[in-house]
file protein-v7.cif (mmCIF, C-alpha atoms)
data_data
loop_
_atom_site.group_PDB
_atom_site.id
_atom_site.type_symbol
_atom_site.label_atom_id
_atom_site.label_comp_id
_atom_site.auth_asym_id
_atom_site.auth_seq_id
_atom_site.Cartn_x
_atom_site.Cartn_y
_atom_site.Cartn_z
ATOM 1 C CA MET A 1 -51.923 46.001 78.970
ATOM 2 C CA THR A 2 -49.113 47.987 77.397
ATOM 3 C CA LEU A 3 -46.640 45.263 78.336
ATOM 4 C CA PHE A 4 -48.875 42.617 76.756
ATOM 5 C CA ARG A 5 -49.056 44.556 73.483
ATOM 6 C CA PHE A 6 -45.274 44.936 73.452
ATOM 7 C CA PHE A 7 -44.896 41.174 73.945
ATOM 8 C CA ILE A 8 -47.282 40.426 71.058
ATOM 9 C CA ALA A 9 -45.455 42.872 68.770
ATOM 10 C CA THR A 10 -42.106 41.275 69.603
ATOM 11 C CA ILE A 11 -43.419 37.807 68.757
ATOM 12 C CA ALA A 12 -44.859 39.075 65.451
ATOM 13 C CA LEU A 13 -41.551 40.710 64.518
ATOM 14 C CA ALA A 14 -39.600 37.560 65.326
ATOM 15 C CA THR A 15 -42.020 35.482 63.279
ATOM 16 C CA ALA A 16 -41.667 37.831 60.306
ATOM 17 C CA VAL A 17 -37.857 37.683 60.469
ATOM 18 C CA LEU A 18 -37.990 33.887 60.661
ATOM 19 C CA MET A 19 -40.273 33.687 57.630
ATOM 20 C CA ILE A 20 -37.938 35.948 55.645
ATOM 21 C CA LYS A 21 -34.954 33.700 56.485
ATOM 22 C CA ILE A 22 -36.885 30.551 55.546
ATOM 23 C CA THR A 23 -37.883 32.097 52.219
ATOM 24 C CA ALA A 24 -34.279 33.090 51.507
ATOM 25 C CA ILE A 25 -33.022 29.601 52.348
ATOM 26 C CA ASN A 26 -35.622 27.999 50.067
ATOM 27 C CA GLN A 27 -34.665 30.311 47.214
ATOM 28 C CA GLU A 28 -30.970 29.496 47.677
ATOM 29 C CA ASP A 29 -31.687 25.768 47.745
ATOM 30 C CA GLY A 30 -33.786 26.125 44.609
ATOM 31 C CA GLU A 31 -30.991 27.927 42.788
ATOM 32 C CA LYS A 32 -28.479 25.284 43.898
ATOM 33 C CA SER A 33 -30.797 22.546 42.711
ATOM 34 C CA THR A 34 -31.287 24.275 39.367
ATOM 35 C CA ASN A 35 -27.548 24.824 38.938
ATOM 36 C CA LYS A 36 -26.834 21.247 39.923
ATOM 37 C CA ASN A 37 -29.330 19.926 37.386
ATOM 38 C CA LYS A 38 -27.873 22.223 34.731
ATOM 39 C CA THR A 39 -24.364 20.995 35.531
ATOM 40 C CA VAL A 40 -25.479 17.380 35.269
ATOM 41 C CA ARG A 41 -27.146 18.098 31.930
ATOM 42 C CA ASP A 42 -24.017 19.875 30.655
ATOM 43 C CA LEU A 43 -21.746 17.035 31.743
ATOM 44 C CA ALA A 44 -24.051 14.523 30.126
ATOM 45 C CA SER A 45 -24.002 16.542 26.918
ATOM 46 C CA ILE A 46 -20.201 16.806 26.950
ATOM 47 C CA SER A 47 -19.835 13.117 27.730
ATOM 48 C CA THR A 48 -22.168 12.146 24.907
ATOM 49 C CA SER A 49 -20.427 14.468 22.470
ATOM 50 C CA THR A 50 -16.976 13.199 23.413
ATOM 51 C CA THR A 51 -18.069 9.598 23.185
ATOM 52 C CA LYS A 52 -19.423 10.100 19.682
ATOM 53 C CA ALA A 53 -16.306 11.939 18.580
ATOM 54 C CA ASP A 54 -13.938 9.326 19.992
ATOM 55 C CA ARG A 55 -15.895 6.336 18.775
ATOM 56 C CA PRO A 56 -14.459 5.154 15.409
ATOM 57 C CA GLY A 57 -17.016 4.955 12.661
ATOM 58 C CA ASP A 58 -17.493 2.022 10.325
ATOM 59 C CA ASN A 59 -15.366 3.714 7.655
ATOM 60 C CA ASP A 60 -12.450 4.574 9.946
ATOM 61 C CA ILE A 61 -11.070 1.033 9.978
ATOM 62 C CA ASP A 62 -10.921 -0.599 6.558
ATOM 63 C CA SER A 63 -11.119 -4.308 7.177
ATOM 64 C CA THR A 64 -11.551 -5.129 3.479
ATOM 65 C CA ILE A 65 -7.860 -5.027 2.601
ATOM 66 C CA PRO A 66 -6.644 -7.394 5.335
ATOM 67 C CA ALA A 67 -9.556 -9.735 4.675
ATOM 68 C CA ILE A 68 -8.777 -10.035 0.976
ATOM 69 C CA VAL A 69 -5.057 -10.458 1.548
ATOM 70 C CA ALA A 70 -5.524 -12.883 4.427
ATOM 71 C CA SER A 71 -7.914 -15.041 2.425
ATOM 72 C CA SER A 72 -5.548 -15.281 -0.543
ATOM 73 C CA LYS A 73 -2.507 -15.749 1.670
ATOM 74 C CA GLN A 74 -4.096 -18.714 3.406
ATOM 75 C CA ALA A 75 -4.861 -20.377 0.082
ATOM 76 C CA LEU A 76 -1.386 -19.608 -1.270
ATOM 77 C CA VAL A 77 0.383 -20.969 1.806
ATOM 78 C CA GLN A 78 -1.554 -24.210 1.452
ATOM 79 C CA LEU A 79 -0.623 -24.440 -2.220
ATOM 80 C CA GLU A 80 3.058 -23.757 -1.540
ATOM 81 C CA ALA A 81 3.052 -26.522 1.063
ATOM 82 C CA CYS A 82 2.197 -28.941 -1.742
ATOM 83 C CA TYR A 83 5.731 -28.527 -3.094
ATOM 84 C CA GLU A 84 6.970 -30.349 0.012
ATOM 85 C CA VAL A 85 4.531 -33.260 -0.155
ATOM 86 C CA ASP A 86 3.066 -35.370 -2.923
ATOM 87 C CA ASN A 87 -0.426 -35.975 -1.591
ATOM 88 C CA CYS A 88 -2.130 -32.802 -2.847
ATOM 89 C CA ASN A 89 -4.830 -33.089 -5.465
ATOM 90 C CA PHE A 90 -2.483 -32.621 -8.437
ATOM 91 C CA PRO A 91 -1.058 -35.084 -10.988
ATOM 92 C CA SER A 92 1.632 -37.050 -9.152
ATOM 93 C CA THR A 93 2.883 -39.571 -11.702
ATOM 94 C CA ASP A 94 5.464 -37.099 -13.012
ATOM 95 C CA PRO A 95 7.247 -34.832 -10.476
ATOM 96 C CA ARG A 96 7.721 -32.115 -13.091
ATOM 97 C CA GLU A 97 4.050 -32.178 -14.044
ATOM 98 C CA TYR A 98 3.103 -32.104 -10.363
ATOM 99 C CA GLY A 99 5.215 -28.988 -9.749
ATOM 100 C CA MET A 100 3.849 -27.252 -12.833
ATOM 101 C CA ALA A 101 0.282 -27.937 -11.700
ATOM 102 C CA ILE A 102 0.998 -26.345 -8.321
ATOM 103 C CA GLY A 103 2.506 -23.344 -10.085
ATOM 104 C CA GLN A 104 -0.579 -22.930 -12.242
ATOM 105 C CA ALA A 105 -2.797 -23.081 -9.160
ATOM 106 C CA ILE A 106 -0.694 -20.397 -7.448
ATOM 107 C CA LYS A 107 -0.826 -18.287 -10.611
ATOM 108 C CA ALA A 108 -4.629 -18.580 -10.677
ATOM 109 C CA GLU A 109 -4.924 -17.570 -7.021
ATOM 110 C CA LEU A 110 -2.625 -14.579 -7.549
ATOM 111 C CA HIS A 111 -4.576 -13.519 -10.618
ATOM 112 C CA SER A 112 -7.803 -13.671 -8.626
ATOM 113 C CA LEU A 113 -6.199 -11.482 -5.968
ATOM 114 C CA TYR A 114 -4.955 -9.074 -8.645
ATOM 115 C CA GLN A 115 -8.467 -8.677 -10.063
ATOM 116 C CA LYS A 116 -9.891 -7.920 -6.620
ATOM 117 C CA ILE A 117 -7.169 -5.368 -5.924
ATOM 118 C CA GLU A 118 -7.527 -3.750 -9.334
ATOM 119 C CA THR A 119 -11.309 -3.535 -9.070
ATOM 120 C CA SER A 120 -11.296 -2.101 -5.557
ATOM 121 C CA LYS A 121 -8.172 0.060 -6.014
ATOM 122 C CA LEU A 122 -6.736 -1.352 -2.817
ATOM 123 C CA THR A 123 -3.304 -0.381 -1.541
ATOM 124 C CA ASP A 124 -1.613 -1.911 1.471
ATOM 125 C CA GLU A 125 1.939 -2.866 2.380
ATOM 126 C CA SER A 126 0.851 -6.461 2.956
ATOM 127 C CA ILE A 127 -0.035 -6.626 -0.746
ATOM 128 C CA SER A 128 3.439 -5.452 -1.776
ATOM 129 C CA THR A 129 5.044 -7.881 0.661
ATOM 130 C CA MET A 130 3.149 -10.786 -0.845
ATOM 131 C CA ALA A 131 3.950 -9.687 -4.403
ATOM 132 C CA ARG A 132 7.669 -9.383 -3.629
ATOM 133 C CA HIS A 133 7.671 -12.889 -2.198
ATOM 134 C CA TYR A 134 6.265 -14.371 -5.392
ATOM 135 C CA LEU A 135 8.553 -12.301 -7.608
ATOM 136 C CA SER A 136 11.433 -14.258 -6.076
ATOM 137 C CA THR A 137 10.089 -17.633 -7.226
ATOM 138 C CA PRO A 138 11.632 -19.265 -10.332
ATOM 139 C CA ASP A 139 8.244 -19.792 -12.024
ATOM 140 C CA GLY A 140 7.768 -17.157 -14.731
ATOM 141 C CA TYR A 141 3.979 -17.449 -14.703
ATOM 142 C CA ILE A 142 3.925 -16.717 -10.986
ATOM 143 C CA LYS A 143 6.353 -13.818 -11.450
ATOM 144 C CA GLU A 144 4.048 -12.309 -14.062
ATOM 145 C CA GLU A 145 1.044 -12.252 -11.728
ATOM 146 C CA ALA A 146 3.161 -10.935 -8.859
ATOM 147 C CA LEU A 147 4.429 -8.093 -11.051
ATOM 148 C CA LEU A 148 0.875 -7.210 -12.062
ATOM 149 C CA ILE A 149 -0.049 -6.985 -8.386
ATOM 150 C CA LEU A 150 3.024 -4.905 -7.570
ATOM 151 C CA ALA A 151 2.115 -2.460 -10.336
ATOM 152 C CA THR A 152 -1.138 -1.641 -8.505
ATOM 153 C CA GLN A 153 0.736 -0.501 -5.394
ATOM 154 C CA PRO A 154 2.666 2.686 -4.579
ATOM 155 C CA THR A 155 6.323 2.715 -5.576
ATOM 156 C CA SER A 156 8.888 1.860 -2.921
ATOM 157 C CA GLU A 157 12.568 1.015 -2.705
ATOM 158 C CA ALA A 158 11.781 -2.549 -1.654
ATOM 159 C CA ASN A 159 9.496 -3.021 -4.658
ATOM 160 C CA LEU A 160 12.097 -1.538 -6.998
ATOM 161 C CA TYR A 161 14.866 -3.887 -5.884
ATOM 162 C CA ALA A 162 12.516 -6.860 -6.122
ATOM 163 C CA ILE A 163 11.938 -6.014 -9.795
ATOM 164 C CA LEU A 164 15.611 -5.361 -10.521
ATOM 165 C CA ASN A 165 16.839 -8.516 -8.803
ATOM 166 C CA HIS A 166 14.122 -11.020 -9.676
ATOM 167 C CA VAL A 167 12.519 -9.958 -12.963
ATOM 168 C CA LEU A 168 14.728 -7.750 -15.125
ATOM 169 C CA ASP A 169 17.154 -10.501 -16.153
ATOM 170 C CA TYR A 170 14.604 -13.291 -16.392
ATOM 171 C CA HIS A 171 14.770 -15.429 -19.528
ATOM 172 C CA ASP A 172 11.226 -14.512 -20.611
ATOM 173 C CA ALA A 173 11.230 -11.495 -22.942
ATOM 174 C CA ASN A 174 7.599 -10.693 -22.173
ATOM 175 C CA LEU A 175 8.307 -10.579 -18.441
ATOM 176 C CA THR A 176 11.369 -8.379 -18.964
ATOM 177 C CA ASP A 177 9.233 -6.040 -21.057
ATOM 178 C CA MET A 178 6.677 -5.847 -18.242
ATOM 179 C CA ALA A 179 9.489 -5.034 -15.823
ATOM 180 C CA MET A 180 10.772 -2.241 -18.076
ATOM 181 C CA ASN A 181 7.333 -0.641 -18.187
ATOM 182 C CA GLU A 182 7.007 -0.860 -14.417
ATOM 183 C CA LEU A 183 10.465 0.671 -13.927
ATOM 184 C CA VAL A 184 9.286 3.775 -15.788
ATOM 185 C CA ARG A 185 7.408 4.718 -12.624
ATOM 186 C CA TYR A 186 10.760 5.001 -10.836
ATOM 187 C CA LYS A 187 13.015 6.617 -13.444
ATOM 188 C CA ASN A 188 12.504 10.221 -12.333
ATOM 189 C CA SER A 189 12.973 9.436 -8.661
ATOM 190 C CA GLU A 190 16.156 9.334 -6.619
ATOM 191 C CA HIS A 191 16.522 5.744 -7.858
ATOM 192 C CA GLY A 192 17.016 6.724 -11.494
ATOM 193 C CA GLN A 193 20.768 6.115 -11.441
ATOM 194 C CA ILE A 194 20.316 2.723 -9.793
ATOM 195 C CA ILE A 195 17.959 1.687 -12.591
ATOM 196 C CA ASN A 196 20.453 2.800 -15.233
ATOM 197 C CA ASP A 197 23.239 0.855 -13.549
ATOM 198 C CA TYR A 198 21.138 -2.322 -13.607
ATOM 199 C CA LEU A 199 20.143 -1.779 -17.236
ATOM 200 C CA LYS A 200 23.772 -1.325 -18.297
ATOM 201 C CA LYS A 201 24.877 -4.395 -16.371
ATOM 202 C CA ASN A 202 22.169 -6.551 -17.919
ATOM 203 C CA LEU A 203 22.974 -5.323 -21.416
ATOM 204 C CA LEU A 204 26.600 -6.370 -20.988
ATOM 205 C CA THR A 205 26.384 -9.493 -18.842
ATOM 206 C CA GLY A 206 22.705 -10.455 -18.628
ATOM 207 C CA GLY A 207 20.756 -13.110 -20.463
ATOM 208 C CA HIS A 208 20.303 -12.980 -24.222
ATOM 209 C CA PHE A 209 16.539 -12.410 -24.270
ATOM 210 C CA ALA A 210 16.672 -9.899 -21.434
ATOM 211 C CA GLY A 211 19.387 -7.965 -23.258
ATOM 212 C CA LEU A 212 17.368 -7.827 -26.466
ATOM 213 C CA THR A 213 14.268 -6.594 -24.650
ATOM 214 C CA ILE A 214 16.172 -3.954 -22.688
ATOM 215 C CA ALA A 215 17.883 -2.711 -25.852
ATOM 216 C CA LYS A 216 14.535 -2.384 -27.645
ATOM 217 C CA SER A 217 12.956 -0.461 -24.754
ATOM 218 C CA ILE A 218 15.946 1.602 -23.638
ATOM 219 C CA SER A 219 14.479 4.774 -25.166
ATOM 220 C CA LEU A 220 12.143 4.869 -22.161
ATOM 221 C CA PHE A 221 15.168 5.666 -19.989
ATOM 222 C CA LEU A 222 17.459 7.653 -22.270
ATOM 223 C CA ASN A 223 18.350 11.240 -21.448
ATOM 224 C CA GLU A 224 21.143 13.699 -22.143
ATOM 225 C CA ASP A 225 23.067 12.489 -19.105
ATOM 226 C CA ASN A 226 23.242 8.800 -19.982
ATOM 227 C CA ILE A 227 23.010 8.526 -23.768
ATOM 228 C CA ARG A 228 26.798 8.459 -24.203
ATOM 229 C CA ASP A 229 27.087 5.619 -21.699
ATOM 230 C CA TYR A 230 24.715 3.495 -23.766
ATOM 231 C CA GLN A 231 26.596 4.356 -26.951
ATOM 232 C CA LYS A 232 29.772 3.042 -25.310
ATOM 233 C CA ILE A 233 27.960 -0.137 -24.261
ATOM 234 C CA ALA A 234 26.775 -0.718 -27.831
ATOM 235 C CA LYS A 235 30.363 -0.347 -29.008
ATOM 236 C CA LYS A 236 31.573 -2.887 -26.436
ATOM 237 C CA MET A 237 28.981 -5.393 -27.634
ATOM 238 C CA GLY A 238 30.377 -5.336 -31.137
ATOM 239 C CA PRO A 239 28.723 -4.746 -34.520
ATOM 240 C CA GLN A 240 27.443 -8.309 -34.787
ATOM 241 C CA SER A 241 25.509 -8.177 -31.530
ATOM 242 C CA GLN A 242 21.750 -8.131 -32.052
ATOM 243 C CA SER A 243 21.305 -6.305 -28.768
ATOM 244 C CA ALA A 244 23.805 -3.662 -29.905
ATOM 245 C CA LYS A 245 21.829 -3.136 -33.114
ATOM 246 C CA PHE A 246 18.596 -2.639 -31.186
ATOM 247 C CA LEU A 247 20.384 -0.380 -28.718
ATOM 248 C CA LEU A 248 21.829 1.851 -31.449
ATOM 249 C CA ALA A 249 18.440 1.996 -33.178
ATOM 250 C CA SER A 250 16.832 3.146 -29.924
ATOM 251 C CA ILE A 251 19.528 5.779 -29.469
ATOM 252 C CA GLU A 252 19.045 7.109 -33.007
ATOM 253 C CA ASP A 253 15.293 7.213 -32.480
ATOM 254 C CA TYR A 254 15.803 9.188 -29.278
ATOM 255 C CA LYS A 255 18.094 11.671 -31.052
ATOM 256 C CA LYS A 256 15.578 12.287 -33.821
ATOM 257 C CA LYS A 257 12.824 12.979 -31.318
ATOM 258 C CA HIS A 258 14.999 15.423 -29.382
ATOM 259 C CA GLU A 259 16.702 17.323 -32.195
#
call {"tool": "encode", "arguments": {"input": "protein-v7.cif", "output": "structure tokens"}}
result
Amino acid sequence: MTLFRFFIATIALATAVLMIKITAINQEDGEKSTNKNKTVRDLASISTSTTKADRPGDNDIDSTIPAIVASSKQALVQLEACYEVDNCNFPSTDPREYGMAIGQAIKAELHSLYQKIETSKLTDESISTMARHYLSTPDGYIKEEALLILATQPTSEANLYAILNHVLDYHDANLTDMAMNELVRYKNSEHGQIINDYLKKNLLTGGHFAGLTIAKSISLFLNEDNIRDYQKIAKKMGPQSQSAKFLLASIEDYKKKHE
């Protein structure tokens, strides 16, 4: 009887130990499951957050500028191609009239582009590139629109040289005057001396109308460092030179303002 009771007690003890182990295992599995679910949720949260941060928003890529430029460029390329053929929808009985009509169409397209740029305050290197291209054409009306466009863009060395080489000495006084006003944006930069060198050269050897316009507007660029140079240029021109008279008048006006 005693042996039987001992056997029963042993079985009960073993059963109790087994139940304790099973409970411990279940608790451990539950914790692992909870931690695993938490880890999955955390990873999902991180993944979602990273995806949102890395995904560019609608305002990160401005497609308006390329679209406007591309649209105008396509139209302008088609118009320029008309110079090479005579089957475009322009008057063709007189070659000169035909070319002028193409020029007016290009001018109109450039002016439309200028208005869009001015209204939207757009800046992009592709705009400057296009403007520089049309500054190099011989048509003064086209140059005028190209210069208006260039004036809406940030200053750059490439833009400066385009103005100096293709506009400053043009035979249209109004266009030269526009160029002088645009060059004011560059006069206090590291390119100031380059501008003065071009102005001096054009006063001495440039076209008549360009020289007159530069002489009238030279006060925009006069300073204590260059005023004597311009006095010497006026002397070289001679007393009968109209440009020299305007140049000396500008110098005297500058002196009075800075006495």
call {"tool": "closest_residue", "arguments": {"input": "protein-v7.cif", "among": "A:Ser189, A:Asn89, A:Gln153, A:Gln240", "to": "Ala105 in chain A", "atoms": "all atoms listed in the file"}}
result
A:Asn89
call {"tool": "atom_distance", "arguments": {"input": "protein-v7.cif", "atom1": "CA of Lys121 in chain A", "atom2": "CA of Thr152 in chain A"}}
result
7.7 Å
call {"tool": "resolve_selection", "arguments": {"input": "protein-v7.cif", "expression": "the PyMOL selection byres ((chain A and resi 92-102) around 8)", "output": "ChimeraX atom specification"}}
result
/A:79-80,82-83,86-87,90-91,103-106
call {"tool": "write_last_selection", "arguments": {"input": "protein-v7.cif", "atoms": "C-alpha atoms", "output": "compact mmCIF listing (two decimals), in the coordinates of the input"}}
result
# COMPACT_ATOMS: atom_id res chain seq x y z
CA LEU A 79 -0.62 -24.44 -2.22
CA GLU A 80 3.06 -23.76 -1.54
CA CYS A 82 2.20 -28.94 -1.74
CA TYR A 83 5.73 -28.53 -3.09
CA ASP A 86 3.07 -35.37 -2.92
CA ASN A 87 -0.43 -35.98 -1.59
CA PHE A 90 -2.48 -32.62 -8.44
CA PRO A 91 -1.06 -35.08 -10.99
CA GLY A 103 2.51 -23.34 -10.09
CA GLN A 104 -0.58 -22.93 -12.24
CA ALA A 105 -2.80 -23.08 -9.16
CA ILE A 106 -0.69 -20.40 -7.45
call {"tool": "residues_around", "arguments": {"input": "protein-v7.cif", "residues": "Gly192 in chain A", "least_positions_apart": "3", "cutoff": "12 Å", "atoms": "all atoms listed in the file", "output": "NGL selection string"}}
result
:A and (157 or 160 or 183-189 or 195-199 or 220-223 or 225-226)
call {"tool": "closest_residue", "arguments": {"input": "protein-v7.cif", "among": "A:Ala158, A:Leu175, A:Met130, A:Ala234", "to": "Glu144 in chain A", "atoms": "only C-alpha atoms"}}
result
A:Leu175
call {"tool": "resolve_selection", "arguments": {"input": "protein-v7.cif", "expression": "the PyMOL selection byres ((chain A and resi 129) around 12)", "output": "PyMOL selection string"}}
result
chain A and resi 69+73+123-128+130-136+146-147+149-150+153+156+158-159+162
call {"tool": "write_last_selection", "arguments": {"input": "protein-v7.cif", "atoms": "C-alpha atoms", "output": "mmCIF file, keeping the file's coordinate frame"}}
result
data_model
loop_
_atom_site.group_PDB
_atom_site.id
_atom_site.type_symbol
_atom_site.label_atom_id
_atom_site.label_comp_id
_atom_site.auth_asym_id
_atom_site.auth_seq_id
_atom_site.Cartn_x
_atom_site.Cartn_y
_atom_site.Cartn_z
ATOM 1 C CA VAL A 69 -5.057 -10.458 1.548
ATOM 2 C CA LYS A 73 -2.507 -15.749 1.670
ATOM 3 C CA THR A 123 -3.304 -0.381 -1.541
ATOM 4 C CA ASP A 124 -1.613 -1.911 1.471
ATOM 5 C CA GLU A 125 1.939 -2.866 2.380
ATOM 6 C CA SER A 126 0.851 -6.461 2.956
ATOM 7 C CA ILE A 127 -0.035 -6.626 -0.746
ATOM 8 C CA SER A 128 3.439 -5.452 -1.776
ATOM 9 C CA MET A 130 3.149 -10.786 -0.845
ATOM 10 C CA ALA A 131 3.950 -9.687 -4.403
ATOM 11 C CA ARG A 132 7.669 -9.383 -3.629
ATOM 12 C CA HIS A 133 7.671 -12.889 -2.198
ATOM 13 C CA TYR A 134 6.265 -14.371 -5.392
ATOM 14 C CA LEU A 135 8.553 -12.301 -7.608
ATOM 15 C CA SER A 136 11.433 -14.258 -6.076
ATOM 16 C CA ALA A 146 3.161 -10.935 -8.859
ATOM 17 C CA LEU A 147 4.429 -8.093 -11.051
ATOM 18 C CA ILE A 149 -0.049 -6.985 -8.386
ATOM 19 C CA LEU A 150 3.024 -4.905 -7.570
ATOM 20 C CA GLN A 153 0.736 -0.501 -5.394
ATOM 21 C CA SER A 156 8.888 1.860 -2.921
ATOM 22 C CA ALA A 158 11.781 -2.549 -1.654
ATOM 23 C CA ASN A 159 9.496 -3.021 -4.658
ATOM 24 C CA ALA A 162 12.516 -6.860 -6.122
#
call {"tool": "atom_distance", "arguments": {"input": "protein-v7.cif", "atom1": "CA of Ala215 in chain A", "atom2": "CA of Leu247 in chain A"}}
result
4.5 Å
call {"tool": "residues_around", "arguments": {"input": "protein-v7.cif", "residues": "Lys232 in chain A", "least_positions_apart": "5", "cutoff": "12 Å", "atoms": "all atoms listed in the file", "output": "number ranges by chain"}}
result
A: 200, 203-204, 226-227, 237-238, 244, 247-248, 251
call {"tool": "write_last_selection", "arguments": {"input": "protein-v7.cif", "atoms": "C-alpha atoms", "output": "PDB file, in the coordinates of the input"}}
result
ATOM      1  CA  LYS A 200      23.772  -1.325 -18.297  1.00  0.00           C
ATOM      2  CA  LEU A 203      22.974  -5.323 -21.416  1.00  0.00           C
ATOM      3  CA  LEU A 204      26.600  -6.370 -20.988  1.00  0.00           C
ATOM      4  CA  ASN A 226      23.242   8.800 -19.982  1.00  0.00           C
ATOM      5  CA  ILE A 227      23.010   8.526 -23.768  1.00  0.00           C
ATOM      6  CA  MET A 237      28.981  -5.393 -27.634  1.00  0.00           C
ATOM      7  CA  GLY A 238      30.377  -5.336 -31.137  1.00  0.00           C
ATOM      8  CA  ALA A 244      23.805  -3.662 -29.905  1.00  0.00           C
ATOM      9  CA  LEU A 247      20.384  -0.380 -28.718  1.00  0.00           C
ATOM     10  CA  LEU A 248      21.829   1.851 -31.449  1.00  0.00           C
ATOM     11  CA  ILE A 251      19.528   5.779 -29.469  1.00  0.00           C
TER      12      ILE A 251
END
call {"tool": "residues_around", "arguments": {"input": "protein-v7.cif", "residues": "Asp177 in chain A", "least_positions_apart": "5", "cutoff": "12 Å", "atoms": "all atoms listed in the file", "output": "ChimeraX atom specification"}}
result
/A:144,147,163,167-172,182-184,209-218,220
call {"tool": "atom_distance", "arguments": {"input": "protein-v7.cif", "atom1": "CA of Tyr230 in chain A", "atom2": "CA of Thr205 in chain A"}}
result
14.0 Å
